[in-house]
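Dumped run00.cif below, it's mmCIF, C-alpha atoms and all ligand atoms:
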```cif
data_data
#
loop_
_atom_site.label_atom_id
_atom_site.label_comp_id
_atom_site.auth_asym_id
_atom_site.auth_seq_id
_atom_site.Cartn_x
_atom_site.Cartn_y
_atom_site.Cartn_z
CA MET A 50 20.77 -3.34 1.12
CA GLN A 51 23.36 -5.68 2.71
CA LYS A 52 25.83 -2.82 2.86
CA TRP A 53 23.68 -1.15 5.48
CA LEU A 54 25.24 -3.66 7.80
CA PHE A 55 28.40 -1.64 7.39
CA PHE A 56 26.86 1.26 9.30
CA ALA A 57 25.88 -1.06 12.11
CA PHE A 58 29.44 -2.40 12.36
CA LEU A 59 30.84 1.11 12.20
CA PHE A 60 29.06 1.99 15.43
CA CYS A 61 29.70 -1.42 17.00
CA SER A 62 33.41 -0.82 16.66
CA LEU A 63 33.38 2.19 18.98
CA PRO A 64 35.66 1.71 22.02
CA ALA A 65 34.23 -0.22 24.98
CA PHE A 66 31.20 -1.35 23.03
CA SER A 67 32.67 -3.88 20.67
CA GLN A 68 30.77 -6.68 22.44
CA LYS A 69 27.56 -4.72 22.86
CA ARG A 70 25.07 -2.99 20.62
CA PRO A 71 26.01 0.64 20.02
CA SER A 72 25.30 3.30 22.58
CA LEU A 73 24.66 6.92 22.11
CA ALA A 74 23.90 10.14 23.94
CA LEU A 75 22.08 13.06 22.36
CA THR A 76 22.73 16.21 24.37
CA HIS A 77 21.18 19.70 24.55
CA ILE A 78 18.18 18.57 22.52
CA THR A 79 14.54 19.61 22.92
CA VAL A 80 12.60 16.42 23.73
CA ILE A 81 8.99 16.15 22.61
CA ASP A 82 8.23 12.86 24.32
CA CYS A 83 4.66 12.53 22.92
CA THR A 84 3.17 11.63 26.30
CA GLY A 85 1.41 15.00 25.98
CA ALA A 86 3.91 16.72 28.31
CA PRO A 87 5.33 20.06 27.15
CA ALA A 88 8.58 20.07 25.15
CA LYS A 89 11.67 19.77 27.36
CA PRO A 90 14.49 22.00 26.10
CA ASN A 91 18.18 21.37 26.85
CA SER A 92 17.69 17.66 27.51
CA THR A 93 19.96 14.65 27.21
CA VAL A 94 18.82 11.25 26.03
CA VAL A 95 21.05 8.21 26.62
CA VAL A 96 20.61 5.04 24.61
CA ALA A 97 22.13 1.63 25.41
CA GLN A 98 21.38 -1.86 24.14
CA GLY A 99 18.87 -0.37 21.72
CA HIS A 100 16.75 1.17 24.47
CA ILE A 101 16.40 4.57 26.10
CA THR A 102 18.18 4.41 29.46
CA ALA A 103 18.01 8.06 30.56
CA VAL A 104 16.08 11.23 29.70
CA GLY A 105 16.55 14.44 31.64
CA PRO A 106 18.08 17.91 31.81
CA SER A 107 21.53 18.02 30.19
CA ASP A 108 23.01 19.48 33.40
CA PHE A 109 22.02 16.40 35.40
CA VAL A 110 22.09 13.33 33.18
CA LYS A 111 25.34 11.39 33.54
CA ILE A 112 26.78 10.19 30.27
CA PRO A 113 28.51 6.82 30.51
CA GLU A 114 32.12 6.89 29.39
CA GLY A 115 33.16 5.76 25.97
CA ILE A 116 29.84 6.19 24.20
CA ARG A 117 29.15 8.32 21.19
CA VAL A 118 27.98 11.81 22.18
CA VAL A 119 26.10 13.94 19.67
CA ASP A 120 25.61 17.59 20.57
CA ALA A 121 22.12 18.19 19.23
CA THR A 122 21.79 21.84 20.21
CA GLY A 123 18.91 23.46 18.34
CA LYS A 124 17.37 20.12 17.34
CA PHE A 125 14.09 18.50 18.36
CA LEU A 126 13.53 14.84 19.22
CA ILE A 127 10.30 12.90 18.68
CA PRO A 128 9.57 9.16 18.88
CA GLY A 129 9.82 7.11 15.66
CA LEU A 130 6.58 7.31 13.67
CA TRP A 131 4.24 4.42 12.86
CA ASP A 132 2.26 4.20 9.65
CA MET A 133 -0.75 2.20 10.80
CA HIS A 134 -2.02 1.42 7.29
CA GLY A 135 0.46 0.27 4.66
CA HIS A 136 0.99 -2.53 2.14
CA LEU A 137 4.64 -3.59 1.99
CA THR A 138 4.19 -6.40 -0.54
CA ASP A 139 2.74 -3.97 -3.09
CA ALA A 140 5.23 -1.22 -2.26
CA THR A 141 8.16 -3.75 -2.40
CA ASP A 142 11.32 -3.45 -0.31
CA ASP A 143 12.08 -0.16 -2.06
CA ALA A 144 9.76 1.23 0.62
CA PHE A 145 12.21 0.52 3.45
CA PRO A 146 14.75 3.33 2.86
CA LEU A 147 11.90 5.75 2.10
CA LEU A 148 10.17 4.85 5.35
CA ILE A 149 13.32 5.17 7.46
CA MET A 150 14.43 8.41 5.74
CA ASN A 151 11.03 9.81 6.66
CA GLY A 152 11.24 8.73 10.28
CA VAL A 153 8.72 5.90 9.91
CA THR A 154 10.14 3.19 12.18
CA GLY A 155 7.01 1.04 12.39
CA VAL A 156 4.39 -0.21 9.94
CA ARG A 157 1.11 -2.04 10.40
CA ASP A 158 0.93 -4.09 7.22
CA MET A 159 -2.70 -4.25 6.16
CA GLY A 160 -2.59 -7.19 3.75
CA GLY A 161 0.15 -8.84 1.73
CA ASN A 162 2.31 -11.90 1.18
CA ILE A 163 3.02 -13.19 4.67
CA ALA A 164 5.98 -15.41 3.73
CA GLN A 165 7.73 -12.47 2.08
CA ILE A 166 6.89 -10.03 4.88
CA ASP A 167 8.12 -12.50 7.50
CA ARG A 168 11.38 -12.94 5.59
CA TRP A 169 11.86 -9.14 5.57
CA ARG A 170 10.83 -8.89 9.17
CA SER A 171 13.39 -11.42 10.39
CA GLN A 172 16.12 -9.81 8.23
CA ILE A 173 15.29 -6.46 9.86
CA GLU A 174 15.21 -7.96 13.34
CA ASN A 175 18.56 -9.72 12.98
CA GLY A 176 20.24 -6.65 11.49
CA ALA A 177 20.74 -7.91 7.93
CA ARG A 178 18.47 -5.20 6.57
CA VAL A 179 17.46 -1.71 7.67
CA GLY A 180 13.72 -1.29 7.92
CA PRO A 181 10.80 -0.59 10.23
CA HIS A 182 9.22 -2.80 12.87
CA ILE A 183 6.32 -4.62 11.24
CA ILE A 184 3.07 -6.05 12.50
CA ARG A 185 1.15 -7.84 9.79
CA ALA A 186 -2.21 -9.28 8.87
CA GLY A 187 -0.93 -11.67 6.20
CA PRO A 188 -3.52 -12.25 3.46
CA PHE A 189 -6.71 -10.17 3.29
CA VAL A 190 -9.90 -12.04 4.17
CA ASP A 191 -12.24 -11.09 1.36
CA GLY A 192 -15.19 -12.30 -0.68
CA PRO A 193 -14.79 -13.45 -4.28
CA LYS A 194 -12.97 -10.80 -6.32
CA GLU A 195 -11.29 -10.74 -9.74
CA GLY A 196 -7.66 -9.91 -10.33
CA VAL A 197 -6.45 -9.52 -6.74
CA THR A 198 -3.70 -11.37 -4.89
CA ASN A 199 -2.87 -12.29 -1.29
CA ARG A 200 -6.50 -13.04 -0.44
CA LEU A 201 -8.22 -15.76 1.55
CA THR A 202 -11.51 -15.98 -0.31
CA VAL A 203 -14.42 -16.60 2.03
CA ARG A 204 -18.05 -17.09 1.00
CA THR A 205 -19.82 -18.61 4.03
CA PRO A 206 -19.80 -18.34 7.83
CA GLU A 207 -18.13 -21.78 8.03
CA GLU A 208 -15.36 -20.68 5.68
CA ALA A 209 -14.95 -17.52 7.76
CA GLN A 210 -14.44 -19.55 10.94
CA GLN A 211 -11.95 -21.79 9.15
CA ALA A 212 -10.09 -18.70 7.85
CA VAL A 213 -9.67 -17.41 11.41
CA ARG A 214 -8.26 -20.77 12.53
CA ASN A 215 -5.89 -20.92 9.53
CA LEU A 216 -4.64 -17.39 10.16
CA LYS A 217 -4.18 -18.10 13.85
CA ALA A 218 -2.07 -21.13 12.91
CA LYS A 219 0.06 -18.86 10.71
CA GLY A 220 0.62 -16.59 13.72
CA VAL A 221 -0.80 -13.39 12.24
CA ASP A 222 -0.76 -10.33 14.51
CA PHE A 223 -4.31 -9.42 13.47
CA ILE A 224 -6.83 -10.10 10.72
CA LYS A 225 -7.70 -7.67 7.94
CA VAL A 226 -11.09 -8.04 6.29
CA HIS A 227 -11.97 -6.38 3.00
CA ASN A 228 -15.08 -5.05 1.34
CA ALA A 229 -16.36 -8.09 -0.62
CA LEU A 230 -16.72 -10.31 2.44
CA PRO A 231 -20.44 -11.28 2.67
CA PRO A 232 -22.09 -9.83 5.83
CA GLU A 233 -22.99 -13.25 7.38
CA ALA A 234 -19.40 -14.40 6.85
CA PHE A 235 -18.14 -11.12 8.37
CA PHE A 236 -20.15 -11.54 11.57
CA ALA A 237 -19.11 -15.20 11.89
CA LEU A 238 -15.48 -14.15 11.45
CA MET A 239 -15.82 -11.48 14.15
CA ASP A 240 -17.24 -14.06 16.62
CA GLU A 241 -14.52 -16.58 15.88
CA ALA A 242 -11.72 -13.96 16.04
CA HIS A 243 -13.10 -12.80 19.39
CA LYS A 244 -12.95 -16.38 20.72
CA GLU A 245 -9.40 -16.76 19.42
CA HIS A 246 -8.37 -13.31 20.79
CA ILE A 247 -7.21 -11.99 17.40
CA PRO A 248 -7.89 -8.29 16.68
CA VAL A 249 -9.67 -7.52 13.41
CA ALA A 250 -9.03 -4.44 11.25
CA VAL A 251 -12.02 -3.72 9.06
CA HIS A 252 -12.28 -2.24 5.60
CA LEU A 253 -16.06 -2.18 5.77
CA PRO A 254 -17.72 -5.08 3.89
CA LYS A 255 -20.53 -4.05 1.59
CA GLY A 256 -23.85 -4.36 3.40
CA VAL A 257 -22.40 -3.89 6.89
CA SER A 258 -22.66 -0.51 8.64
CA SER A 259 -19.85 1.13 10.60
CA ALA A 260 -21.99 0.90 13.75
CA GLU A 261 -22.51 -2.84 13.23
CA ALA A 262 -18.80 -3.41 12.61
CA SER A 263 -17.93 -1.46 15.76
CA ASP A 264 -20.55 -3.32 17.83
CA ALA A 265 -19.21 -6.62 16.46
CA GLY A 266 -15.84 -5.77 18.04
CA ALA A 267 -13.72 -4.35 15.20
CA ALA A 268 -10.37 -3.26 16.64
CA SER A 269 -10.05 -0.59 13.98
CA LEU A 270 -12.08 0.76 11.09
CA GLU A 271 -10.17 1.89 8.01
CA HIS A 272 -10.68 4.81 5.59
CA VAL A 273 -12.97 7.78 6.22
CA GLU A 274 -14.87 7.21 2.96
CA THR A 275 -16.28 3.91 4.22
CA MET A 276 -18.39 6.03 6.59
CA SER A 277 -20.35 7.34 3.61
CA GLU A 278 -20.68 3.83 2.21
CA SER A 279 -22.03 2.77 5.59
CA ALA A 280 -24.61 5.57 5.52
CA MET A 281 -25.85 4.23 2.18
CA TRP A 282 -25.70 0.55 3.23
CA ARG A 283 -27.13 0.65 6.73
CA LYS A 284 -30.61 -0.72 7.42
CA GLY A 285 -33.22 1.96 6.73
CA ALA A 286 -30.71 4.09 4.81
CA THR A 287 -32.13 7.20 3.16
CA ALA A 288 -28.91 8.60 1.68
CA LYS A 289 -28.72 7.81 -2.03
CA THR A 290 -25.55 9.69 -2.98
CA VAL A 291 -22.16 10.20 -1.37
CA GLU A 292 -23.04 13.88 -0.87
CA GLN A 293 -26.21 12.96 1.06
CA ALA A 294 -24.29 10.32 3.03
CA VAL A 295 -21.59 12.80 4.05
CA ASP A 296 -24.22 15.35 5.13
CA GLU A 297 -25.95 12.69 7.22
CA ILE A 298 -22.69 11.87 9.04
CA LEU A 299 -22.04 15.57 9.65
CA GLY A 300 -25.44 15.76 11.41
CA PRO A 301 -26.92 14.11 14.53
CA ALA A 302 -26.73 10.60 12.98
CA GLY A 303 -22.96 10.94 12.89
CA GLN A 304 -22.82 11.96 16.54
CA GLU A 305 -24.83 8.87 17.44
CA LEU A 306 -22.51 6.71 15.32
CA PHE A 307 -19.34 8.13 16.92
CA GLN A 308 -20.71 7.15 20.33
CA HIS A 309 -20.63 3.49 19.20
CA PHE A 310 -16.91 3.90 18.45
CA VAL A 311 -16.25 5.58 21.80
CA LYS A 312 -18.28 3.06 23.81
CA ASN A 313 -16.76 0.04 22.01
CA GLY A 314 -13.20 1.42 22.01
CA THR A 315 -13.06 1.16 18.21
CA TRP A 316 -10.07 2.94 16.69
CA TYR A 317 -10.45 4.86 13.43
CA VAL A 318 -7.72 5.14 10.77
CA PRO A 319 -9.10 7.74 8.33
CA THR A 320 -6.29 7.62 5.69
CA LEU A 321 -7.38 11.08 4.49
CA VAL A 322 -4.24 11.32 2.38
CA ALA A 323 -5.22 8.21 0.43
CA TYR A 324 -8.50 9.84 -0.56
CA GLU A 325 -6.82 13.13 -1.42
CA ARG A 326 -3.87 11.80 -3.40
CA GLY A 327 -5.63 8.73 -4.68
CA PHE A 328 -9.24 9.48 -5.46
CA VAL A 329 -8.98 13.26 -5.85
CA LEU A 330 -5.60 14.02 -7.38
CA TRP A 331 -4.81 10.75 -9.11
CA SER A 332 -7.98 10.73 -11.20
CA ASN A 333 -7.44 11.65 -14.84
CA ASP A 334 -11.02 12.73 -15.04
CA SER A 335 -10.84 16.50 -14.57
CA GLU A 336 -14.63 16.88 -14.54
CA SER A 337 -14.94 14.91 -11.33
CA LEU A 338 -12.03 16.71 -9.68
CA LEU A 339 -14.09 19.42 -7.98
CA PRO A 340 -16.86 17.13 -6.65
CA ARG A 341 -14.21 14.71 -5.35
CA PHE A 342 -12.34 17.55 -3.72
CA GLN A 343 -15.53 18.77 -2.04
CA ILE A 344 -16.09 15.29 -0.61
CA HIS A 345 -12.49 15.28 0.63
CA GLU A 346 -13.11 18.59 2.42
CA LYS A 347 -16.24 17.17 4.05
CA ASP A 348 -14.33 14.01 5.02
CA ILE A 349 -11.89 16.28 6.87
CA GLU A 350 -14.91 17.75 8.70
CA ILE A 351 -16.09 14.23 9.58
CA VAL A 352 -12.69 13.47 11.12
CA ARG A 353 -12.87 16.78 13.02
CA LYS A 354 -16.24 15.77 14.53
CA MET A 355 -15.07 12.23 15.27
CA HIS A 356 -12.03 13.58 17.10
CA LYS A 357 -14.16 16.09 19.06
CA ALA A 358 -16.55 13.27 20.01
CA GLY A 359 -13.61 11.40 21.58
CA VAL A 360 -13.02 8.70 18.95
CA GLN A 361 -9.44 7.37 19.11
CA ILE A 362 -7.62 7.99 15.85
CA MET A 363 -4.41 6.70 14.27
CA ALA A 364 -2.40 7.90 11.29
CA GLY A 365 -2.15 5.71 8.22
CA SER A 366 -1.29 6.53 4.62
CA ASP A 367 -2.38 3.35 2.75
CA PHE A 368 0.90 3.34 0.82
CA SER A 369 1.09 0.46 -1.64
CA ASP A 370 1.69 0.48 -5.40
CA TRP A 371 -0.58 3.31 -6.49
CA ALA A 372 -0.76 7.04 -5.80
CA LEU A 373 0.97 7.13 -2.43
CA VAL A 374 4.63 7.36 -1.46
CA PRO A 375 5.81 5.34 1.57
CA GLY A 376 7.03 7.59 4.37
CA ILE A 377 6.32 10.90 2.69
CA ASP A 378 2.56 10.48 2.73
CA LEU A 379 2.47 9.77 6.45
CA HIS A 380 3.63 13.38 6.93
CA ASN A 381 0.85 14.50 4.60
CA GLU A 382 -1.63 12.56 6.75
CA LEU A 383 -0.37 14.31 9.90
CA ALA A 384 -0.86 17.68 8.18
CA LEU A 385 -4.41 16.70 7.18
CA LEU A 386 -5.18 15.74 10.78
CA VAL A 387 -4.05 19.20 11.90
CA GLU A 388 -6.34 20.62 9.21
CA ALA A 389 -9.06 18.53 10.88
CA GLY A 390 -8.50 20.35 14.18
CA PHE A 391 -5.86 18.19 15.89
CA THR A 392 -3.18 20.11 17.75
CA PRO A 393 0.30 19.27 16.44
CA MET A 394 0.86 17.19 19.62
CA GLU A 395 -2.36 15.26 19.03
CA ALA A 396 -1.37 14.69 15.40
CA LEU A 397 2.07 13.41 16.49
CA GLN A 398 0.37 11.07 18.95
CA THR A 399 -1.72 9.49 16.15
CA ALA A 400 1.58 8.09 14.82
CA THR A 401 3.38 7.46 18.13
CA LEU A 402 1.53 7.03 21.43
CA ASN A 403 -1.78 5.93 19.87
CA PRO A 404 -0.30 3.06 17.81
CA ALA A 405 1.54 1.89 20.94
CA LYS A 406 -1.76 1.96 22.88
CA PHE A 407 -3.55 0.17 20.05
CA MET A 408 -0.91 -2.59 20.01
CA GLY A 409 -0.83 -2.81 23.82
CA LYS A 410 2.87 -1.89 23.69
CA THR A 411 3.14 1.46 25.48
CA ASP A 412 6.07 0.01 27.47
CA THR A 413 7.98 -0.58 24.23
CA TYR A 414 7.07 2.05 21.64
CA GLY A 415 5.47 5.43 21.12
CA THR A 416 7.20 7.81 23.55
CA VAL A 417 10.65 9.15 24.44
CA GLN A 418 10.79 7.62 27.91
CA VAL A 419 13.20 5.36 29.78
CA GLY A 420 12.73 1.70 28.83
CA ARG A 421 11.29 2.31 25.36
CA VAL A 422 13.00 1.05 22.20
CA ALA A 423 15.27 3.82 20.92
CA ASP A 424 13.43 4.60 17.69
CA LEU A 425 13.78 8.37 17.46
CA VAL A 426 13.61 11.15 14.90
CA LEU A 427 15.87 14.20 15.13
CA LEU A 428 14.29 17.28 13.59
CA ASP A 429 15.84 20.60 12.61
CA MET A 430 12.66 22.52 13.45
CA ASN A 431 9.91 22.37 16.09
CA PRO A 432 6.92 20.24 14.98
CA LEU A 433 4.73 21.70 17.75
CA GLU A 434 5.00 25.10 16.04
CA ASP A 435 4.14 23.70 12.63
CA ILE A 436 3.37 20.05 11.92
CA SER A 437 5.12 20.28 8.54
CA HIS A 438 8.38 20.45 10.52
CA THR A 439 8.14 16.66 10.98
CA ARG A 440 9.59 16.63 7.46
CA LYS A 441 12.72 18.53 8.54
CA ILE A 442 14.54 15.34 9.44
CA HIS A 443 18.18 15.57 10.42
CA ALA A 444 18.78 11.94 11.43
CA VAL A 445 16.89 8.84 12.48
CA VAL A 446 17.76 6.57 15.40
CA LEU A 447 16.57 3.02 14.81
CA GLY A 448 16.95 0.50 17.62
CA GLY A 449 19.61 2.74 19.13
CA LYS A 450 21.66 3.19 15.93
CA LEU A 451 22.01 6.67 14.50
CA TYR A 452 21.49 7.01 10.77
CA PRO A 453 22.27 10.46 9.38
CA LEU A 454 19.78 11.18 6.61
CA ALA A 455 22.50 11.59 3.98
CA SER A 456 23.88 8.11 4.68
CA ILE A 457 20.49 6.42 4.32
CA ARG A 458 19.85 8.27 1.06
CA ALA A 459 23.29 7.50 -0.37
CA GLN A 460 23.02 3.82 0.54
CA ALA A 461 19.51 3.49 -0.88
CA LEU A 462 20.60 5.07 -4.17
CA GLN A 463 23.62 2.79 -4.36
CA ASP A 464 21.49 -0.28 -3.67
CA ALA A 465 18.98 0.78 -6.32
CA GLY A 466 21.85 1.26 -8.81
CA GLU A 467 23.21 -2.21 -8.07
CA ARG A 468 19.81 -3.82 -8.59
CA ARG A 469 19.43 -2.20 -12.00
ZN ZN A 501 -5.15 -0.50 2.41
#
```

Rewrite the coordinates I just gave you, this time as structure tokens.
Amino acid sequence: MQKWLFFAFLFCSLPAFSQKRPSLALTHITVIDCTGAPAKPNSTVVVAQGHITAVGPSDFVKIPEGIRVVDATGKFLIPGLWDMHGHLTDATDDAFPLLIMNGVTGVRDMGGNIAQIDRWRSQIENGARVGPHIIRAGPFVDGPKEGVTNRLTVRTPEEAQQAVRNLKAKGVDFIKVHNALPPEAFFALMDEAHKEHIPVAVHLPKGVSSAEASDAGAASLEHVETMSESAMWRKGATAKTVEQAVDEILGPAGQELFQHFVKNGTWYVPTLVAYERGFVLWSNDSESLLPRFQIHEKDIEIVRKMHKAGVQIMAGSDFSDWALVPGIDLHNELALLVEAGFTPMEALQTATLNPAKFMGKTDTYGTVQVGRVADLVLLDMNPLEDISHTRKIHAVVLGGKLYPLASIRAQALQDAGERR
């Protein structure tokens, strides 16, 4: 991985920029800035000091002398993508080249070893390693569970409050709670996190409903299938099976529930791809394949209704060490969101503008606009015509440095060979 530094130095050594970070102009490119504005053909984007310094028609934008100019005629430019649900500790640092090759320049780490993640994060930030921007929860806050790691085990409201204070002292970006956290401890944690101004991402604890979690101030709710669990766990629940639960959510009860999310500003990260590739396709049990697939299809319908009701949604794959592939499965999630009725632009925004909004960093990430960090993906084909074209990656710009896809792949393979 160290050798990736070589690419950085290569660009640093360009004339006139030996003291500065590399600068770059992409000309004659179609910019899809992800603000929601229409695509802008024949544009030029100038990058300096790792940031976008100009975007405009190629005929008008002045290109500073001495910088690298790439004629990108016929190519399309989108902002770097964020996977808003991943687990880097489980995926290991093998995930980094896969993420970058797939245009994923940011990850919200949803539970892992904070010391390790922070080591990676500072290596990435100081240029010793190529990888995505990371925001991280650190350890999961969970109830007692066998055979799991990177957990803060919490049994009581007092322990929950203490966990919030401990995590705040560690400087976590947010807290991630998991499904074995006892309900009383969950609500105490939400109160304490609110006081300490730390956002909480919620994998729904057993016995808590999605409406209660939203009303308690969850910043985001994770995984579409927890909606069916909620329908079976909520007070006065009548649904006894997942099928009944899904049907309930597809009816008026779901509409009422979505209004909680809208009113409270709760984001939803459905991770449809995790259900499809994990619970449907990964199962060895062929008898349950069809029922699982039918639930997956209904989950897509739930996301369609949530989106129509105005719930804010972000893309996440839940990559870790099981059925999902870092980077690649984010593109599968975008395709599933289009299947759920999102326009390609809306699907792109779930991995660009929406994560920036969620993090309160729209001035830094999420769009191709002046002032934003130059994390960009050059595509060979138009993703607004077909969302699967987000996979047609020609090159990735990370913090202003251009990485042709072939160079990332070759370096990753070489690094893997050296480790063996
Ligand atoms: Zn997860």

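Each residue with an atom within 10 Å of any atom of ligand ZN 501 (chain A) appears in the list, which was built counting all atoms listed in the file: Met133, His134, Gly135, His136, Asp158, Met159, Gly160, Gly161, Phe189, Lys225, His227, His252, Glu271, His272, Thr320, Ala323, Gly365, Ser366, Asp367, Phe368 and Ser369 of chain A.
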
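As for CA of Lys217 (chain A) and CA of Ala234 (chain A), they are spaced 17.2 Å apart.
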
>> Would you compute the distance between CA of Gly376 (chain A) and CA of Ala396 (chain A)? Give it in Å to one decimal.
In response: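 So the answer is 15.6 Å.
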
> Distance CA of Leu427 (chain A)-CA of Thr413 (chain A), one decimal place?
Replying inline: 19.1 Å

Find the residues around Gly152 (chain A) up to 7 Å (all atoms listed in the file counted), leave out those fewer than 5 positions away in its own chain, and share them as a compact mmCIF listing (two decimals) with C-alpha atoms, in the coordinates of the input.
```txt
# COMPACT_ATOMS: atom_id res chain seq x y z
CA GLY A 129 9.82 7.11 15.66
CA LEU A 130 6.58 7.31 13.67
CA VAL A 426 13.61 11.15 14.90
CA VAL A 445 16.89 8.84 12.48
```

>> Can you pull out the residues contacting Ala364 (chain A)? Cut-off 7 Å, using only C-alpha atoms, and skip same-chain residues under 3 positions away; I want them as a ChimeraX atom specification.
In response: /A:132-133,318,320,382-383,399-400

>> Neighbouring residues of Cys83 (chain A) were defined as those with any atom within 8 Å, considering only C-alpha atoms; residues of the same chain fewer than 2 positions away were excluded. Please report them as a PyMOL selection string.
In response: chain A and resi 81+85-86+127-128+394+397-398+401-402+415-417

> What residues have an atom no more than 7 Å from (14.0, 3.1, 17.4) in the file's own frame, counting all atoms listed in the file, and can you write them as JSON, numbers by chain?
Replying inline: {"A": [129, 154, 422, 423, 424, 425, 446, 447, 448, 449]}

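Distances to Gln165 (chain A) were evaluated for A:Leu137, A:Leu433, A:Leu299, A:Leu201 using all atoms listed in the file, and the minimum falls at A:Leu137.
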
> Hey, which of A:Arg117, A:Lys406, A:Arg326, A:Arg458 ends up closest to Met363 (chain A)? Count all atoms listed in the file.
Replying inline: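 Distance minimum relative to Met363 (chain A) lands on A:Lys406.
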
What lies within 12 Å of Glu346 (chain A) using only C-alpha atoms, ignoring chain neighbours under 6 positions off, as an mmCIF file with C-alpha atoms, in the coordinates of the input?
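So result-v9.cif came out as:
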```cif
data_model
loop_
_atom_site.group_PDB
_atom_site.id
_atom_site.type_symbol
_atom_site.label_atom_id
_atom_site.label_comp_id
_atom_site.auth_asym_id
_atom_site.auth_seq_id
_atom_site.Cartn_x
_atom_site.Cartn_y
_atom_site.Cartn_z
ATOM 1 C CA VAL A 273 -12.970 7.780 6.220
ATOM 2 C CA GLU A 274 -14.870 7.210 2.960
ATOM 3 C CA GLU A 292 -23.040 13.880 -0.870
ATOM 4 C CA VAL A 295 -21.590 12.800 4.050
ATOM 5 C CA ASP A 296 -24.220 15.350 5.130
ATOM 6 C CA LEU A 299 -22.040 15.570 9.650
ATOM 7 C CA LEU A 321 -7.380 11.080 4.490
ATOM 8 C CA VAL A 322 -4.240 11.320 2.380
ATOM 9 C CA TYR A 324 -8.500 9.840 -0.560
ATOM 10 C CA GLU A 325 -6.820 13.130 -1.420
ATOM 11 C CA VAL A 329 -8.980 13.260 -5.850
ATOM 12 C CA LEU A 339 -14.090 19.420 -7.980
ATOM 13 C CA PRO A 340 -16.860 17.130 -6.650
ATOM 14 C CA VAL A 352 -12.690 13.470 11.120
ATOM 15 C CA ARG A 353 -12.870 16.780 13.020
ATOM 16 C CA LEU A 385 -4.410 16.700 7.180
ATOM 17 C CA LEU A 386 -5.180 15.740 10.780
ATOM 18 C CA GLU A 388 -6.340 20.620 9.210
ATOM 19 C CA ALA A 389 -9.060 18.530 10.880
#
```
